[in-house]
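Novice: Sharing my_file.cif, mmCIF, C-alpha atoms, pLDDT in the B column; chains and numbers go by the auth columns:
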```
data_run
loop_
_atom_site.group_PDB
_atom_site.id
_atom_site.type_symbol
_atom_site.label_atom_id
_atom_site.label_comp_id
_atom_site.label_asym_id
_atom_site.label_seq_id
_atom_site.Cartn_x
_atom_site.Cartn_y
_atom_site.Cartn_z
_atom_site.B_iso_or_equiv
_atom_site.auth_seq_id
_atom_site.auth_asym_id
ATOM 1 C CA MET A 1 0.000 0.000 0.000 78.00 1 A
ATOM 2 C CA GLY A 2 1.550 3.262 -1.101 84.00 2 A
ATOM 3 C CA THR A 3 4.795 1.707 -2.296 91.00 3 A
ATOM 4 C CA GLY A 4 4.297 2.419 -5.997 91.00 4 A
ATOM 5 C CA LYS A 5 3.052 -0.967 -7.219 92.00 5 A
ATOM 6 C CA THR A 6 0.604 0.468 -9.728 92.00 6 A
ATOM 7 C CA TYR A 7 2.887 3.172 -11.123 94.00 7 A
ATOM 8 C CA VAL A 8 5.897 0.865 -11.305 96.00 8 A
ATOM 9 C CA GLY A 9 3.826 -1.996 -12.693 97.00 9 A
ATOM 10 C CA LYS A 10 2.419 0.110 -15.524 97.00 10 A
ATOM 11 C CA GLU A 11 5.840 1.453 -16.480 97.00 11 A
ATOM 12 C CA LEU A 12 7.442 -2.000 -16.299 97.00 12 A
ATOM 13 C CA ALA A 13 4.712 -3.441 -18.515 97.00 13 A
ATOM 14 C CA LYS A 14 5.327 -0.685 -21.088 97.00 14 A
ATOM 15 C CA LYS A 15 9.064 -1.311 -21.019 96.00 15 A
ATOM 16 C CA LYS A 16 8.656 -5.086 -21.447 95.00 16 A
ATOM 17 C CA LYS A 17 5.758 -4.719 -23.924 96.00 17 A
ATOM 18 C CA TRP A 18 3.605 -6.835 -21.619 96.00 18 A
ATOM 19 C CA GLN A 19 0.116 -6.296 -20.233 97.00 19 A
ATOM 20 C CA PHE A 20 -0.450 -4.664 -16.838 98.00 20 A
ATOM 21 C CA LEU A 21 -3.117 -5.779 -14.401 97.00 21 A
ATOM 22 C CA ASP A 22 -3.943 -4.457 -10.964 96.00 22 A
ATOM 23 C CA LEU A 23 -5.525 -7.376 -9.126 97.00 23 A
ATOM 24 C CA ASP A 24 -7.629 -5.071 -6.938 94.00 24 A
ATOM 25 C CA ASP A 25 -9.056 -3.362 -10.035 96.00 25 A
ATOM 26 C CA LEU A 26 -10.054 -6.731 -11.481 97.00 26 A
ATOM 27 C CA ILE A 27 -11.677 -7.737 -8.189 97.00 27 A
ATOM 28 C CA GLU A 28 -13.651 -4.485 -8.141 97.00 28 A
ATOM 29 C CA LEU A 29 -14.760 -5.088 -11.715 97.00 29 A
ATOM 30 C CA ARG A 30 -15.858 -8.641 -10.981 97.00 30 A
ATOM 31 C CA GLU A 31 -17.567 -7.743 -7.703 97.00 31 A
ATOM 32 C CA LYS A 32 -19.085 -4.544 -9.153 97.00 32 A
ATOM 33 C CA ARG A 33 -18.048 -2.616 -6.023 96.00 33 A
ATOM 34 C CA ARG A 34 -15.009 -0.993 -4.475 93.00 34 A
ATOM 35 C CA ILE A 35 -12.576 -2.876 -2.254 92.00 35 A
ATOM 36 C CA ALA A 36 -13.556 -0.640 0.678 88.00 36 A
ATOM 37 C CA ASP A 37 -17.199 -1.655 0.176 93.00 37 A
ATOM 38 C CA ILE A 38 -16.278 -5.338 0.006 95.00 38 A
ATOM 39 C CA PHE A 39 -14.432 -5.000 3.321 92.00 39 A
ATOM 40 C CA THR A 40 -17.352 -3.123 4.899 91.00 40 A
ATOM 41 C CA GLN A 41 -20.132 -5.347 3.571 96.00 41 A
ATOM 42 C CA GLU A 42 -18.499 -8.784 3.544 96.00 42 A
ATOM 43 C CA GLY A 43 -15.358 -8.509 5.682 94.00 43 A
ATOM 44 C CA GLU A 44 -11.693 -9.200 5.006 92.00 44 A
ATOM 45 C CA PRO A 45 -11.993 -13.035 4.927 96.00 45 A
ATOM 46 C CA TYR A 46 -14.449 -12.813 2.016 97.00 46 A
ATOM 47 C CA PHE A 47 -12.164 -10.394 0.175 97.00 47 A
ATOM 48 C CA ARG A 48 -9.171 -12.716 0.664 96.00 48 A
ATOM 49 C CA ARG A 49 -11.130 -15.655 -0.810 97.00 49 A
ATOM 50 C CA VAL A 50 -12.058 -13.619 -3.891 98.00 50 A
ATOM 51 C CA GLU A 51 -8.470 -12.348 -4.164 97.00 51 A
ATOM 52 C CA LYS A 52 -7.115 -15.909 -4.057 98.00 52 A
ATOM 53 C CA LYS A 53 -9.519 -17.087 -6.765 98.00 53 A
ATOM 54 C CA VAL A 54 -8.713 -14.162 -9.069 98.00 54 A
ATOM 55 C CA LEU A 55 -4.949 -14.629 -8.539 98.00 55 A
ATOM 56 C CA LYS A 56 -5.212 -18.277 -9.618 97.00 56 A
ATOM 57 C CA GLU A 57 -7.003 -17.242 -12.805 97.00 57 A
ATOM 58 C CA VAL A 58 -4.576 -14.429 -13.632 97.00 58 A
ATOM 59 C CA SER A 59 -1.504 -16.561 -12.907 96.00 59 A
ATOM 60 C CA LYS A 60 -2.291 -18.686 -15.964 95.00 60 A
ATOM 61 C CA GLU A 61 -1.562 -15.745 -18.264 94.00 61 A
ATOM 62 C CA ASP A 62 1.832 -15.029 -19.863 93.00 62 A
ATOM 63 C CA LYS A 63 3.633 -11.722 -20.235 94.00 63 A
ATOM 64 C CA PHE A 64 1.704 -9.889 -17.545 95.00 64 A
ATOM 65 C CA VAL A 65 2.865 -7.562 -14.815 97.00 65 A
ATOM 66 C CA VAL A 66 0.421 -8.007 -11.944 97.00 66 A
ATOM 67 C CA ALA A 67 0.174 -5.569 -9.051 97.00 67 A
ATOM 68 C CA CYS A 68 -1.178 -7.323 -5.979 95.00 68 A
ATOM 69 C CA GLY A 69 -2.380 -5.872 -2.716 88.00 69 A
ATOM 70 C CA GLY A 70 0.040 -6.094 0.198 85.00 70 A
ATOM 71 C CA GLY A 71 -2.038 -8.644 2.111 89.00 71 A
ATOM 72 C CA ILE A 72 -2.054 -11.253 -0.642 95.00 72 A
ATOM 73 C CA VAL A 73 1.142 -12.827 0.709 94.00 73 A
ATOM 74 C CA ILE A 74 -0.441 -13.786 4.019 93.00 74 A
ATOM 75 C CA ASP A 75 -1.841 -16.886 2.309 96.00 75 A
ATOM 76 C CA LYS A 76 0.953 -19.387 1.633 95.00 76 A
ATOM 77 C CA ASP A 77 -0.971 -20.812 -1.333 97.00 77 A
ATOM 78 C CA ASN A 78 -0.862 -17.380 -2.980 97.00 78 A
ATOM 79 C CA ILE A 79 2.902 -17.208 -2.510 96.00 79 A
ATOM 80 C CA LYS A 80 3.249 -20.673 -4.040 97.00 80 A
ATOM 81 C CA VAL A 81 1.145 -19.722 -7.076 97.00 81 A
ATOM 82 C CA MET A 82 3.114 -16.501 -7.617 97.00 82 A
ATOM 83 C CA LYS A 83 6.502 -18.219 -7.305 95.00 83 A
ATOM 84 C CA GLU A 84 5.493 -21.027 -9.673 95.00 84 A
ATOM 85 C CA THR A 85 4.199 -18.668 -12.333 95.00 85 A
ATOM 86 C CA GLY A 86 6.422 -15.596 -12.049 93.00 86 A
ATOM 87 C CA LYS A 87 8.656 -13.514 -9.838 92.00 87 A
ATOM 88 C CA ILE A 88 7.580 -11.835 -6.638 95.00 88 A
ATOM 89 C CA ILE A 89 9.015 -8.343 -6.436 96.00 89 A
ATOM 90 C CA CYS A 90 8.202 -6.708 -3.120 95.00 90 A
ATOM 91 C CA LEU A 91 8.090 -2.934 -3.216 95.00 91 A
ATOM 92 C CA THR A 92 8.430 -1.461 0.227 93.00 92 A
ATOM 93 C CA ALA A 93 8.701 1.960 1.797 93.00 93 A
ATOM 94 C CA GLY A 94 9.059 3.447 5.249 91.00 94 A
ATOM 95 C CA PRO A 95 5.882 4.126 7.264 88.00 95 A
ATOM 96 C CA GLU A 96 6.271 7.895 6.824 89.00 96 A
ATOM 97 C CA ALA A 97 6.500 7.588 3.027 90.00 97 A
ATOM 98 C CA ILE A 98 3.509 5.243 2.924 87.00 98 A
ATOM 99 C CA LEU A 99 1.448 7.565 5.120 85.00 99 A
ATOM 100 C CA LYS A 100 2.304 10.549 2.941 86.00 100 A
ATOM 101 C CA ARG A 101 1.466 8.671 -0.264 83.00 101 A
ATOM 102 C CA THR A 102 -1.838 7.276 1.026 80.00 102 A
ATOM 103 C CA ALA A 103 -3.086 10.367 2.902 77.00 103 A
ATOM 104 C CA GLY A 104 -6.552 11.403 1.816 65.00 104 A
ATOM 105 C CA TYR A 105 -7.457 8.124 0.129 59.00 105 A
ATOM 106 C CA ALA A 106 -10.588 6.744 1.769 55.00 106 A
ATOM 107 C CA HIS A 107 -10.526 3.655 -0.475 57.00 107 A
ATOM 108 C CA ARG A 108 -7.823 2.043 1.675 59.00 108 A
ATOM 109 C CA PRO A 109 -9.915 0.115 4.212 59.00 109 A
ATOM 110 C CA LEU A 110 -7.013 -1.035 6.375 60.00 110 A
ATOM 111 C CA LEU A 111 -5.967 2.595 6.953 64.00 111 A
ATOM 112 C CA ASN A 112 -9.406 3.949 7.833 66.00 112 A
ATOM 113 C CA VAL A 113 -8.472 3.989 11.512 71.00 113 A
ATOM 114 C CA LYS A 114 -7.761 6.609 14.185 75.00 114 A
ATOM 115 C CA ASP A 115 -3.950 6.364 13.891 81.00 115 A
ATOM 116 C CA PRO A 116 -3.034 5.306 10.333 80.00 116 A
ATOM 117 C CA GLN A 117 0.741 5.582 10.899 83.00 117 A
ATOM 118 C CA LYS A 118 0.552 3.155 13.800 88.00 118 A
ATOM 119 C CA GLN A 119 -1.571 0.858 11.612 86.00 119 A
ATOM 120 C CA ILE A 120 1.009 1.043 8.811 86.00 120 A
ATOM 121 C CA GLU A 121 3.804 0.178 11.252 90.00 121 A
ATOM 122 C CA LEU A 122 1.781 -2.754 12.588 91.00 122 A
ATOM 123 C CA LEU A 123 0.939 -4.070 9.102 88.00 123 A
ATOM 124 C CA LEU A 124 4.586 -3.836 8.012 90.00 124 A
ATOM 125 C CA LYS A 125 5.709 -5.695 11.138 93.00 125 A
ATOM 126 C CA LEU A 126 3.066 -8.420 10.821 92.00 126 A
ATOM 127 C CA ARG A 127 3.662 -8.900 7.099 91.00 127 A
ATOM 128 C CA ALA A 128 7.485 -8.746 7.208 93.00 128 A
ATOM 129 C CA PRO A 129 7.965 -12.559 7.326 95.00 129 A
ATOM 130 C CA TYR A 130 5.693 -12.930 4.293 94.00 130 A
ATOM 131 C CA TYR A 131 7.335 -10.100 2.361 93.00 131 A
ATOM 132 C CA ALA A 132 10.708 -11.717 3.078 95.00 132 A
ATOM 133 C CA GLN A 133 9.688 -14.599 0.805 95.00 133 A
ATOM 134 C CA ALA A 134 9.776 -12.349 -2.257 95.00 134 A
ATOM 135 C CA ASP A 135 12.362 -13.012 -4.949 93.00 135 A
ATOM 136 C CA CYS A 136 13.534 -9.420 -4.561 93.00 136 A
ATOM 137 C CA THR A 137 12.685 -6.444 -2.343 95.00 137 A
ATOM 138 C CA ILE A 138 13.099 -2.827 -3.400 96.00 138 A
ATOM 139 C CA ASP A 139 12.634 0.132 -1.057 95.00 139 A
ATOM 140 C CA THR A 140 10.883 2.842 -3.066 95.00 140 A
ATOM 141 C CA SER A 141 11.095 5.512 -0.354 92.00 141 A
ATOM 142 C CA LYS A 142 13.856 7.543 -1.997 90.00 142 A
ATOM 143 C CA VAL A 143 14.143 6.366 -5.599 92.00 143 A
ATOM 144 C CA SER A 144 12.273 7.259 -8.760 92.00 144 A
ATOM 145 C CA ILE A 145 9.784 5.048 -10.546 93.00 145 A
ATOM 146 C CA LYS A 146 12.186 4.962 -13.501 95.00 146 A
ATOM 147 C CA GLU A 147 14.996 3.592 -11.293 96.00 147 A
ATOM 148 C CA VAL A 148 12.747 0.930 -9.775 96.00 148 A
ATOM 149 C CA VAL A 149 11.522 -0.153 -13.214 97.00 149 A
ATOM 150 C CA ALA A 150 15.112 -0.430 -14.474 96.00 150 A
ATOM 151 C CA TRP A 151 16.106 -2.593 -11.485 95.00 151 A
ATOM 152 C CA ILE A 152 13.126 -4.911 -11.913 96.00 152 A
ATOM 153 C CA ALA A 153 13.701 -5.220 -15.664 95.00 153 A
ATOM 154 C CA LYS A 154 17.291 -6.342 -14.965 92.00 154 A
ATOM 155 C CA ILE A 155 16.101 -8.849 -12.354 88.00 155 A
ATOM 156 C CA ILE A 156 13.518 -10.315 -14.723 88.00 156 A
ATOM 157 C CA SER A 157 16.032 -10.536 -17.582 83.00 157 A
ATOM 158 C CA ARG A 158 18.607 -12.322 -15.397 75.00 158 A
ATOM 159 C CA ARG A 159 16.123 -14.828 -14.049 56.00 159 A
ATOM 160 C CA SER A 160 14.111 -15.604 -17.177 51.00 160 A
#
```
Could you take the file, read its structure, and then write that structure out as structure tokens?
Specialist:
Amino acid sequence: MGTGKTYVGKELAKKKKWQFLDLDDLIELREKRRIADIFTQEGEPYFRRVEKKVLKEVSKEDKFVVACGGGIVIDKDNIKVMKETGKIICLTAGPEAILKRTAGYAHRPLLNVKDPQKQIELLLKLRAPYYAQADCTIDTSKVSIKEVVAWIAKIISRRS
């Protein structure tokens, strides 16, 4: 959340001449409602089930850059699917950078709390072991989108 997945993903897809897909956008399209509404109306467990199903479908496609929500890695089956069908590149940022980038966006249900910075810190701490399973981690706090895209393109080329 707020690490640049969508911006970086779109630019990487252009550079590689691949398709870009934001998994959350596809979920919203399929569910005909926003992620925040899914969380409010159905709860996080329902959202995670839909997310898992959509990931399995998307993972069958070739030459796609897929931006996934930060919580997708909590399910070990999702990690397995992503590793078997592609590379997991974890974009990260410090809590302050994430807070600044996500400020004013009500569509982020996990940050609609009294103290969003504390929530960000908690989420990063809880998810750290899952994020550590990525093939590569890049801190986007102080680098440009162009630099991140170049690094990922090199990683993909080396490991293809």
Novice: For the provided coordinates, the residues matched by the PyMOL selection byres ((chain A and resi 83) around 12) should be stated as a list of chain:residue names.
Specialist: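 Given this file, the PyMOL selection byres ((chain A and resi 83) around 12) evaluates to A:Lys56, A:Ser59, A:Val73, A:Lys76, A:Asp77, A:Asn78, A:Ile79, A:Lys80, A:Val81, A:Met82, A:Glu84, A:Thr85, A:Gly86, A:Lys87, A:Ile88, A:Ile89, A:Gln133, A:Ala134, A:Asp135, A:Cys136.
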Novice: Counting all atoms listed in the file, what is within 7 Å of Trp18 (chain A), bar same-chain residues fewer than 5 positions away, as a list in words?
Specialist: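 Listed by chain and then number, they are Ala13, Lys63, Phe64 and Val65 of chain A.
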Novice: Return the single residue from A:Ala67, A:Leu99, A:Val58, A:Leu26 that is closest to Lys5 (chain A), with distances computed using all atoms listed in the file.
Specialist: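 When distances to Lys5 (chain A) are compared using all atoms listed in the file, the smallest one comes from A:Ala67.
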Novice: Any idea what's packed within 9 Å of Gly71 (chain A), counting all atoms listed in the file, ignoring anything in its chain fewer than 6 positions away? Could you give it as a list in words?
Specialist: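 Within the cut-off, the hits are Arg48, Leu123 and Arg127 of chain A.
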Novice: Please produce a file of the residues just selected, as a short mmCIF file (atom, residue, chain, number, x, y, z; two decimals), in the coordinates of the input, where the atoms kept are C-alpha atoms.
Specialist:
```cif
data_model
loop_
_atom_site.label_atom_id
_atom_site.label_comp_id
_atom_site.auth_asym_id
_atom_site.auth_seq_id
_atom_site.Cartn_x
_atom_site.Cartn_y
_atom_site.Cartn_z
CA ARG A 48 -9.17 -12.72 0.66
CA LEU A 123 0.94 -4.07 9.10
CA ARG A 127 3.66 -8.90 7.10
#
```
Novice: I need the output of the PyMOL selection byres ((chain A and resi 35) around 10) for this file as number ranges by chain; which residues are they?
Specialist: A: 24-25, 27-29, 31-34, 36-41, 44, 47, 107-109
Novice: Residues near Ile138 (chain A), anyone? I mean within 9 Å using all atoms listed in the file, not counting same-chain ones fewer than 6 positions away, as a list in words.
Specialist: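 Final neighbour list, sorted by chain and number: Ile89, Cys90, Leu91, Thr92, Ala93, Val148, Trp151 and Ile152 of chain A.
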Novice: Let me see the file: selected residues, C-alpha atoms, as an mmCIF file, in the frame of the given file.
Specialist:
```cif
data_model
loop_
_atom_site.group_PDB
_atom_site.id
_atom_site.type_symbol
_atom_site.label_atom_id
_atom_site.label_comp_id
_atom_site.auth_asym_id
_atom_site.auth_seq_id
_atom_site.Cartn_x
_atom_site.Cartn_y
_atom_site.Cartn_z
ATOM 1 C CA ILE A 89 9.015 -8.343 -6.436
ATOM 2 C CA CYS A 90 8.202 -6.708 -3.120
ATOM 3 C CA LEU A 91 8.090 -2.934 -3.216
ATOM 4 C CA THR A 92 8.430 -1.461 0.227
ATOM 5 C CA ALA A 93 8.701 1.960 1.797
ATOM 6 C CA VAL A 148 12.747 0.930 -9.775
ATOM 7 C CA TRP A 151 16.106 -2.593 -11.485
ATOM 8 C CA ILE A 152 13.126 -4.911 -11.913
#
```
Novice: So the first atom is CA of Asp22 (chain A) and the second is CA of Asp62 (chain A); what is the distance between them in Å, to one decimal place?
Specialist: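 Separating CA of Asp22 (chain A) from CA of Asp62 (chain A) is a distance of 15.0 Å.
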Novice: Report, as JSON, the axis-aligned box around all atoms of region 33-50 of chain A present in the file, extended by 3 Å on each side; give centre and edge lengths in Å to one decimal place.
Specialist:
```
{"center_x": -14.7, "center_y": -8.1, "center_z": -0.2, "size_x": 17.0, "size_y": 21.0, "size_z": 17.7}
```
Novice: Set the distance at 9 Å and use all atoms listed in the file: which residues neighbour Lys15 (chain A) once local chain neighbours fewer than 4 positions away are removed? I'd like the list as JSON, numbers by chain.
Specialist: {"A": [10, 11, 149, 150, 153]}
Novice: So how many Å separate CA of Glu121 (chain A) and CA of Leu21 (chain A), to one decimal?
Specialist: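 Distance between the two atoms: 27.2 Å.
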Novice: Excluding Gln117 (chain A) and any residue of its chain fewer than 2 positions from it, enumerate the residues within 10 Å of it, using all atoms listed in the file, and give them as a list in words.
Specialist: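 Once the nearby chain positions are removed, what remains is Pro95, Glu96, Ala97, Ile98, Leu99, Lys100, Leu111, Val113, Lys114, Asp115, Gln119, Ile120, Glu121, Leu122 and Leu123 of chain A.
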Novice: Using only C-alpha atoms, which residue out of A:Ile155, A:Cys68, A:Ile145, A:Ala132 lies closest to Met1 (chain A)?
Specialist: A:Cys68
